[in-house]
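The block underneath contains the structure these notes are about, expressed in structure tokens.
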Amino acid sequence: MALYVGGTVNFGDNEEASPVEGDIWYDGGKFYFGTSISFPGVWSSGGNLSRTRQAPAGAGTQTAGLCMGGEYQPDTETNITEEYNGTAWSNGGNLLTARKELAGAGTQSAGLCTGGYSDSSGALDVTEEYNGSAWSAGGDFGTARTALAGCGTQSAGLCMGGGTGSYSNVTEEYDGTSWSAGGSLATAREALAGCGTQTAGLSMGGTTGSYSNVTEEYDGSAWSAGGSLVIARKNHAGCGTQSAGLITGGSPSASVGHVTEEYDGSAWSRGGDLTTARLTLACAGTQSAGLSMGGNGLSANWSTATEEYTSPGTGSYDELFTATEGL
């Protein structure tokens, strides 16, 4: 009897090797299937935002998330902040400056947001810090930008790219008081996503005039090339770390708006699809416990959708069947 599973069939002592999904080993009268297989994560519905919005910023974790700013109807920015407890959103302190297309970082009790856009002022250089109940003014950017990406913490923040009337390669680092110039992105772009820390950051996708699949890794002073996205996109959102990153949503199409990708520090692979396709959404958390919120739901326009990402991680399969048992 033959068995084909789309992988490799190995014999003898090879059951001790590192398998990939679909591989089978035969040894000592027994078959073994994938003793260490990684599975993509799964999105499930969380509690809806109280305010529909697109282009907000996110920060924090899956059980202590923060969503701030955005646009709740055409050309109308909001200053509303909401806090997530793992089940439901509640009102937090309002931003001092209502805006959309801003960048977020930090935690629910020590949040950071910067840059963005308002129809009355254009691209902004404004930074605000959150203490868990209220926002206060932080140090202004060196270069006002919108549709930028951010990561890190309130006392060690990182922002990169964005729009200044042209695509920007500017990177700035925050020390809790003021911003200073960091190493420039190799590829200038806006509507990108970011994650990680100030000394181990990740920037991914965006637009350079066309959809980008570029990933760059930051070491605290300079950017270097990382693995390309599986699908080029803009207006997506990211979270996690440089060695375990997550992106989801975005444009150019509804099919891309569902797609999630996971990063292992060198390459991207497909993760579980969003339940509700969205662009200009926000993310927070980690690759194994992510949070997505808001955005433009494409057919449904401005969205209150919140989804939680859970990564099953690595499964363990030992004996599949013995040769005498058959299939």
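Labels for the structure tokens follow display order: chains A, B, ..., residues from 1 in each chain, ligands from 1.
Using only C-alpha atoms, the protein and nucleic acid residues lying no more than 8 Å from region 111-114 of chain A, apart from those fewer than 4 places from it along its own chain, are Ala57, Ala59, Gly60, Leu66, Leu102, Ala103, Gly104, Ala105, Gly106, Thr107, Asp125, Val126, Thr127, Glu128, Glu129, Tyr130, Asn131, Gly132, Phe141, Thr153, Gln154 and Gly157 of chain A.
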DSSP-assigned strand (DSSP E or B) among region 64-136 of chain A, expressed as a PyMOL selection string: chain A and resi 65-68+71-73+76-77+81-84+89-91+100+103-106+111-114+117-118+122-124+127-130+135-136
Please give the complete set of residues from region 110-317 of chain A that DSSP, run on the backbone, assigns to helix (DSSP H, G or I), formatted as an NGL selection string. :A and (254-258 or 298-300)
How would the residues just chosen look if you wrote them out with C-alpha atoms as a PDB file, in the first residue's frame?
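Saved to again-v9.pdb:
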```
ATOM      1  CA  ALA A 254     -10.741  42.964  -0.488  1.00  0.00           C
ATOM      2  CA  SER A 255      -8.780  39.729  -0.840  1.00  0.00           C
ATOM      3  CA  VAL A 256      -5.658  41.434   0.556  1.00  0.00           C
ATOM      4  CA  GLY A 257      -7.774  42.974   3.331  1.00  0.00           C
ATOM      5  CA  HIS A 258      -8.199  39.508   4.857  1.00  0.00           C
ATOM      6  CA  LEU A 298     -14.431  48.071   2.456  1.00  0.00           C
ATOM      7  CA  SER A 299     -18.051  47.172   1.709  1.00  0.00           C
ATOM      8  CA  ALA A 300     -19.147  48.315   5.185  1.00  0.00           C
TER       9      ALA A 300
END
```
Taking only C-alpha atoms into account, produce a table as CSV in which each residue of region 163-267 of chain A with an atom at most 12 Å from an atom of region 43-55 of chain A appears once, together with its shortest atom pair and the distance in Å to one decimal, ordered by chain and rising number.
```
residue,atom,partner,partner_atom,distance
A:Ala191,CA,A:Ala55,CA,10.0
A:Leu192,CA,A:Ala55,CA,12.0
A:Ala193,CA,A:Ala55,CA,12.0
A:Asn235,CA,A:Ala55,CA,8.4
A:His236,CA,A:Ala55,CA,9.7
A:Ala237,CA,A:Ala55,CA,9.8
A:Thr248,CA,A:Trp43,CA,10.5
A:Gly249,CA,A:Trp43,CA,12.0
A:Gly250,CA,A:Ala55,CA,11.1
A:His258,CA,A:Trp43,CA,10.3
A:Val259,CA,A:Trp43,CA,10.9
A:Thr260,CA,A:Trp43,CA,9.5
```
How would the residues just chosen look if you wrote them out with C-alpha atoms as a PDB file, in the first residue's frame?
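This is the output file part12.pdb:
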```pdb
ATOM      1  CA  ALA A 191       1.121  53.891   4.690  1.00  0.00           C
ATOM      2  CA  LEU A 192       3.529  51.263   6.070  1.00  0.00           C
ATOM      3  CA  ALA A 193       3.407  49.240   9.306  1.00  0.00           C
ATOM      4  CA  ASN A 235      -2.683  50.701   4.799  1.00  0.00           C
ATOM      5  CA  HIS A 236      -2.182  47.518   6.815  1.00  0.00           C
ATOM      6  CA  ALA A 237      -1.258  47.188  10.505  1.00  0.00           C
ATOM      7  CA  THR A 248      -2.782  42.053   8.676  1.00  0.00           C
ATOM      8  CA  GLY A 249      -5.276  43.805   6.431  1.00  0.00           C
ATOM      9  CA  GLY A 250      -4.576  46.524   3.885  1.00  0.00           C
ATOM     10  CA  HIS A 258      -8.199  39.508   4.857  1.00  0.00           C
ATOM     11  CA  VAL A 259      -4.579  38.409   4.649  1.00  0.00           C
ATOM     12  CA  THR A 260      -2.350  37.993   7.692  1.00  0.00           C
TER      13      THR A 260
END
```
Between A:Gly245, A:Pro74, A:Gly165, A:Gly152, smallest distance to Thr215 (chain A) by only C-alpha atoms belongs to A:Gly245
Smallest atom-to-atom distance to Thr304 (chain A): which of A:Trp268, A:Tyr263, A:Tyr72, A:Tyr218, using only C-alpha atoms?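 Among the listed residues, the smallest separation from Thr304 (chain A) belongs to A:Tyr72.
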Go through A:Thr310, A:Asn91, A:Ser253, A:Thr76 one by one, measure the shortest atom-to-atom distance of each to Ala289 (chain A) using only C-alpha atoms, and give the residue with the smallest value. A:Thr310
